[in-house]
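**Q** Handing you a structure now.
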Amino acid sequence: MRCRLSLFLSGILAFLLAISGCAPKVHRAFESNRYLSGFSTYLVNEDLGTYFRSPGDIDYTRNRAELEAYVGEIPVNGVLFHGRSNMKPLYELFVLVNPGRRTIEPGLFEYRFDTVVRGRRYVFLGRGMDDRFPESDFRYISKSLTRGKGLPDGVAPLNDLMERHAKSGKFLEAYTEIAGYPASDRTDRGLQLQYELTYLSMLGDNTLFREKLKVWEDRYALDEAVTLRIREKGIRGKDRVLDSLLALAAGQRLLMFSENHFYPWHRILVRELLPALKAEGYGYLALEALVTDSLLNQGMEPRLATGFYTREQQFNRLLQAARELGFEFVSYEASEGQPDREAAQAANLYGKTFGRDPDARVVVLAGIDHIYEESDGEQIRMAQLFAENYGIDPLTVSQTDLAHYRTQLGADLALINADSLITRRYRRVDYQLVNNLDPTPAPGDFTYTNPFGKPVQLGLYDARDWKTDLAFTFSVPQFSFLLAGGGNISLDLPHPGFRLLVFDEVGRVLVNRPVNTGE
């Protein structure tokens, strides 16, 4: 009996040792990893309540099958995170959780850090793939380990994420990382939604953008009295509204439109007006968040670094149309450190236009509230300051105040004198414009179907002046679309000199080739 018990216990011990020695190579919680890549990369595992950060130049393996294949012959298990640096010094990082093996093969890793946090063992392993091993990087990574749900207080990488992608044309990658951010409160979620919409709007008129935009617009109540007043007192229909706007602009020196930065059709309206405005004598086009105007005015093609919003295809077409018509571009954004952004914008706008050209006639496209002519108890905005300080009263047209009414009026465009509206906040401009123009391009000879079984970003670039196939790293796509797996697009390309780029959700280039004639 004693012998049998001894054999039984020995068998259990052997079984437990076998289990510990055969722990899964990749941790069961791997799929709940989140990778928030800014100038640093913030790594969160929600199932385990684990957070740490690393330098932003580490590319992490995000596919389980890919990671399992890679670590198959490496004596590690319980791998939660694995990454490699993408610039010198080159190195590799493993983060293990409750690894079954009691020892790691000596000499295989140059860095090892073990710790136990709330009963769970974490092992950080690093090995160099270069002459110099950056031990300081690994100390930075392993010492940042924190246990708890979400990110620690004070860590807010949303703006960091936006800044990181500010000069990239990989809009799907930017959206994916921003959408993966674990927003912790209502304010954070609101900001996250704005940033998601910003990048989705750069990917054409896609289903996900429309769904998110509905969430955004549903936050604003509709007033049937406003809809009725526009129907009774306003002008509806694209041609009628465009003609009315041109008639109003005929006697003006300064014409200001507002835009919401993730409503591309607000830019389409201004582009459609430009030829007639040029014929009327307008010669300057002032744009918010334009990084530089001098290079554009010297004939340089818009690039990713030209501005934040100018990367969006409708904004890029606005720039192209204005340049072909001979408009002079004006960058009027306040510089960093100027305490009053509104006053600085007004001063910059005046100094670059009327201050040096008294006969100037100027078109301005500005963000949401910068064109308000009354403060309504809030901060005094650029348009009001411009009139007060320089004696030039602008004609102001808001496309943003009533943007959530765009599907209520049965028309592409609707225009109403703001004085006809009862609500005071709608009377801070001269006219309210409801814009529901369709940004979808007309179908044509070019067609493409996504064969990759997952969402991808399709970009079409004017490659006639490219010196290298990698010129997309600084070029603005002329067309950009989000395609679901099996999704397709059809459009008419203006010339045969286009190049097709397809990016996945982590920014990898899946296709880079010329567009074939008749494709």
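Each chain in the structure tokens gets a letter, A, B and so on, in the order shown; residues start at 1 in every chain, and ligands are counted from 1 in the order they appear.
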Residues of stretch 135-191 of chain A classed as helix (DSSP H, G or I) by DSSP on the backbone are to be reported as an NGL selection string.
**A** :A and (135-143 or 158-164 or 171-179 or 186-191)
**Q** Applying 10 Å and only C-alpha atoms, which residues near A:Gln192 remain after dropping the ones on its own chain fewer than 4 positions away? List them as a PyMOL selection string.
**A** chain A and resi 158-159+175+178-183+186-188+196-198
**Q** What's around stretch 480-494 of chain A at 6 Å? Count only C-alpha atoms, leave out sequence neighbours fewer than 6 positions away in its own chain, and write the answer as a PyMOL selection string.
**A** chain A and resi 203-204+442-451+453-459
**Q** Can you tell me, as a PyMOL selection string, what residues are no more than 8 Å from stretch 406-419 of chain A when counting only C-alpha atoms, ignoring any on the same chain fewer than 2 positions away?
**A** chain A and resi 227+230-231+233-238+241+402-404+421-422+426-438
**Q** Keeping N, CA, C and O atoms for every residue in the selection just given, could you write it to a file as an mmCIF file, in the first residue's frame?
**A**
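out15.cif was written with the following content:
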data_model
loop_
_atom_site.group_PDB
_atom_site.id
_atom_site.type_symbol
_atom_site.label_atom_id
_atom_site.label_comp_id
_atom_site.auth_asym_id
_atom_site.auth_seq_id
_atom_site.Cartn_x
_atom_site.Cartn_y
_atom_site.Cartn_z
ATOM 1 N N THR A 227 -35.260 72.891 -38.937
ATOM 2 C CA THR A 227 -35.486 72.270 -40.245
ATOM 3 C C THR A 227 -36.595 72.999 -41.008
ATOM 4 O O THR A 227 -36.458 73.301 -42.208
ATOM 5 N N ILE A 230 -35.422 76.465 -42.310
ATOM 6 C CA ILE A 230 -34.567 76.367 -43.502
ATOM 7 C C ILE A 230 -35.408 76.073 -44.736
ATOM 8 O O ILE A 230 -35.191 76.637 -45.812
ATOM 9 N N ARG A 231 -36.397 75.200 -44.580
ATOM 10 C CA ARG A 231 -37.270 74.877 -45.720
ATOM 11 C C ARG A 231 -38.068 76.106 -46.169
ATOM 12 O O ARG A 231 -38.300 76.309 -47.362
ATOM 13 N N LYS A 233 -37.389 79.550 -45.329
ATOM 14 C CA LYS A 233 -36.636 80.784 -45.575
ATOM 15 C C LYS A 233 -35.346 80.587 -46.362
ATOM 16 O O LYS A 233 -34.762 81.555 -46.857
ATOM 17 N N GLY A 234 -34.879 79.350 -46.444
ATOM 18 C CA GLY A 234 -33.576 79.110 -47.048
ATOM 19 C C GLY A 234 -33.642 78.776 -48.525
ATOM 20 O O GLY A 234 -34.703 78.793 -49.156
ATOM 21 N N ILE A 235 -32.480 78.478 -49.068
ATOM 22 C CA ILE A 235 -32.323 78.075 -50.469
ATOM 23 C C ILE A 235 -31.771 76.661 -50.459
ATOM 24 O O ILE A 235 -30.806 76.368 -49.739
ATOM 25 N N ARG A 236 -32.364 75.779 -51.248
ATOM 26 C CA ARG A 236 -31.920 74.392 -51.293
ATOM 27 C C ARG A 236 -31.584 73.985 -52.723
ATOM 28 O O ARG A 236 -32.153 74.505 -53.676
ATOM 29 N N GLY A 237 -30.645 73.054 -52.817
ATOM 30 C CA GLY A 237 -30.203 72.584 -54.127
ATOM 31 C C GLY A 237 -28.803 73.084 -54.441
ATOM 32 O O GLY A 237 -28.493 74.261 -54.219
ATOM 33 N N LYS A 238 -27.978 72.225 -54.981
ATOM 34 C CA LYS A 238 -26.571 72.556 -55.187
ATOM 35 C C LYS A 238 -26.378 73.780 -56.077
ATOM 36 O O LYS A 238 -25.677 74.733 -55.702
ATOM 37 N N VAL A 241 -27.618 77.085 -54.468
ATOM 38 C CA VAL A 241 -26.795 77.539 -53.344
ATOM 39 C C VAL A 241 -25.464 78.084 -53.837
ATOM 40 O O VAL A 241 -24.994 79.137 -53.374
ATOM 41 N N LEU A 402 -24.660 73.539 -38.241
ATOM 42 C CA LEU A 402 -25.835 72.719 -38.558
ATOM 43 C C LEU A 402 -25.448 71.453 -39.317
ATOM 44 O O LEU A 402 -26.266 70.872 -40.031
ATOM 45 N N ALA A 403 -24.221 70.996 -39.135
ATOM 46 C CA ALA A 403 -23.747 69.831 -39.888
ATOM 47 C C ALA A 403 -24.596 68.592 -39.611
ATOM 48 O O ALA A 403 -24.787 67.743 -40.499
ATOM 49 N N HIS A 404 -25.137 68.475 -38.387
ATOM 50 C CA HIS A 404 -25.921 67.289 -38.041
ATOM 51 C C HIS A 404 -27.312 67.304 -38.671
ATOM 52 O O HIS A 404 -28.064 66.337 -38.526
ATOM 53 N N LEU A 421 -32.767 82.588 -38.296
ATOM 54 C CA LEU A 421 -32.857 81.531 -37.293
ATOM 55 C C LEU A 421 -33.063 82.134 -35.913
ATOM 56 O O LEU A 421 -32.479 83.175 -35.572
ATOM 57 N N ILE A 422 -33.873 81.475 -35.127
ATOM 58 C CA ILE A 422 -34.222 82.003 -33.808
ATOM 59 C C ILE A 422 -33.089 81.817 -32.814
ATOM 60 O O ILE A 422 -32.794 82.709 -32.004
ATOM 61 N N TYR A 426 -26.661 80.348 -33.528
ATOM 62 C CA TYR A 426 -26.557 80.169 -34.968
ATOM 63 C C TYR A 426 -26.395 81.506 -35.692
ATOM 64 O O TYR A 426 -26.162 81.526 -36.903
ATOM 65 N N ARG A 427 -26.508 82.622 -34.956
ATOM 66 C CA ARG A 427 -26.428 83.939 -35.587
ATOM 67 C C ARG A 427 -25.055 84.590 -35.379
ATOM 68 O O ARG A 427 -24.913 85.792 -35.572
ATOM 69 N N ARG A 428 -24.079 83.795 -34.999
ATOM 70 C CA ARG A 428 -22.720 84.331 -34.818
ATOM 71 C C ARG A 428 -21.973 84.453 -36.147
ATOM 72 O O ARG A 428 -20.824 84.879 -36.183
ATOM 73 N N VAL A 429 -22.606 84.022 -37.216
ATOM 74 C CA VAL A 429 -22.054 84.160 -38.569
ATOM 75 C C VAL A 429 -23.127 84.811 -39.443
ATOM 76 O O VAL A 429 -24.271 84.989 -39.019
ATOM 77 N N ASP A 430 -22.777 85.127 -40.676
ATOM 78 C CA ASP A 430 -23.743 85.743 -41.584
ATOM 79 C C ASP A 430 -24.704 84.716 -42.175
ATOM 80 O O ASP A 430 -25.913 84.981 -42.292
ATOM 81 N N TYR A 431 -24.162 83.551 -42.553
ATOM 82 C CA TYR A 431 -24.990 82.531 -43.200
ATOM 83 C C TYR A 431 -24.672 81.156 -42.625
ATOM 84 O O TYR A 431 -23.520 80.862 -42.269
ATOM 85 N N GLN A 432 -25.724 80.334 -42.564
ATOM 86 C CA GLN A 432 -25.572 78.938 -42.193
ATOM 87 C C GLN A 432 -25.762 78.083 -43.439
ATOM 88 O O GLN A 432 -26.727 78.268 -44.203
ATOM 89 N N LEU A 433 -24.826 77.177 -43.642
ATOM 90 C CA LEU A 433 -24.842 76.302 -44.816
ATOM 91 C C LEU A 433 -24.880 74.854 -44.343
ATOM 92 O O LEU A 433 -24.054 74.435 -43.523
ATOM 93 N N VAL A 434 -25.833 74.083 -44.841
ATOM 94 C CA VAL A 434 -25.916 72.651 -44.542
ATOM 95 C C VAL A 434 -25.391 71.903 -45.764
ATOM 96 O O VAL A 434 -25.963 72.005 -46.855
ATOM 97 N N ASN A 435 -24.300 71.185 -45.570
ATOM 98 C CA ASN A 435 -23.560 70.577 -46.676
ATOM 99 C C ASN A 435 -23.665 69.055 -46.580
ATOM 100 O O ASN A 435 -23.226 68.451 -45.602
ATOM 101 N N ASN A 436 -24.239 68.447 -47.598
ATOM 102 C CA ASN A 436 -24.304 66.982 -47.682
ATOM 103 C C ASN A 436 -23.850 66.513 -49.064
ATOM 104 O O ASN A 436 -24.411 65.577 -49.638
ATOM 105 N N LEU A 437 -22.820 67.168 -49.597
ATOM 106 C CA LEU A 437 -22.276 66.774 -50.900
ATOM 107 C C LEU A 437 -21.705 65.365 -50.824
ATOM 108 O O LEU A 437 -21.171 64.948 -49.788
ATOM 109 N N ASP A 438 -21.789 64.640 -51.907
ATOM 110 C CA ASP A 438 -21.327 63.254 -51.969
ATOM 111 C C ASP A 438 -19.854 63.224 -52.371
ATOM 112 O O ASP A 438 -19.501 63.661 -53.464
#
**Q** Using only C-alpha atoms, determine which residues lie at most 6 Å from A:Gly128, disregarding the query and same-chain residues fewer than 2 positions distant; provide the list as a list in words.
**A**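 The filter keeps Tyr91, Asp130 and Phe133 of chain A.
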**Q** Here is a test: counting only C-alpha atoms, which residue of A:Leu208, A:Leu285, A:Leu96, A:Leu67 is nearest to A:Val270?
**A**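 Distance minimum relative to A:Val270 lands on A:Leu285.
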**Q** Using only C-alpha atoms, which protein or nucleic acid residues come within 12 Å of stretch 271-279 of chain A? Drop anything in the same chain fewer than 5 positions from it, and give the result as a VMD selection string.
**A** chain A and resid 238 to 239 241 to 255 257 264 to 266 284 to 285 314 to 328 360 to 365 437
**Q** Could you tell me how far atom CA of A:Gly49 lies from atom CA of A:Arg147, in Å and to one decimal?
**A**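 Distance between the two atoms: 5.7 Å.
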**Q** Enter the distance from atom CA of A:Leu269 to atom CA of A:Ser398, in Å, rounded to one decimal.
**A** 11.9 Å
**Q** May I ask which of the residues A:Glu68, A:Asp131, A:Asn33, A:Gly100 is the closest one to A:Phe81, counting only C-alpha atoms?
**A** A:Asn33
**Q** Between atom CA of A:Ala174 and atom CA of A:Pro514, what is the spacing in Å?
**A**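 Going from atom CA of A:Pro514 over to atom CA of A:Ala174 covers 24.9 Å.
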**Q** Near A:Ser142, within 10 Å and counting only C-alpha atoms, which residues show up once chain neighbours fewer than 5 positions away are dropped, as an NGL selection string?
**A** :A and (52-54 or 95 or 112-115 or 122-125 or 137)
**Q** Counting only C-alpha atoms, which residue out of A:Arg118, A:Lys88, A:His495, A:Lys352 sits closest to A:Ala286?
**A**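 Nearest candidate to A:Ala286 out of A:Arg118, A:Lys88, A:His495, A:Lys352: A:Lys352.
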**Q** Per DSSP on the backbone, what are the strand (DSSP E) residues of stretch 371-474 of chain A, as a list in words?
**A**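 Selecting the strand (DSSP E) positions of stretch 371-474 of chain A gives Leu395, Thr396, Val397, Ser398, Leu413, Ala414, Leu415, Ile416, Asn417, Tyr431, Gln432, Leu433, Val434, Asn435, Phe446, Thr447, Tyr448, Thr449, Val456, Gln457, Leu458, Gly459, Leu460, Tyr461 and Asp462 of chain A.
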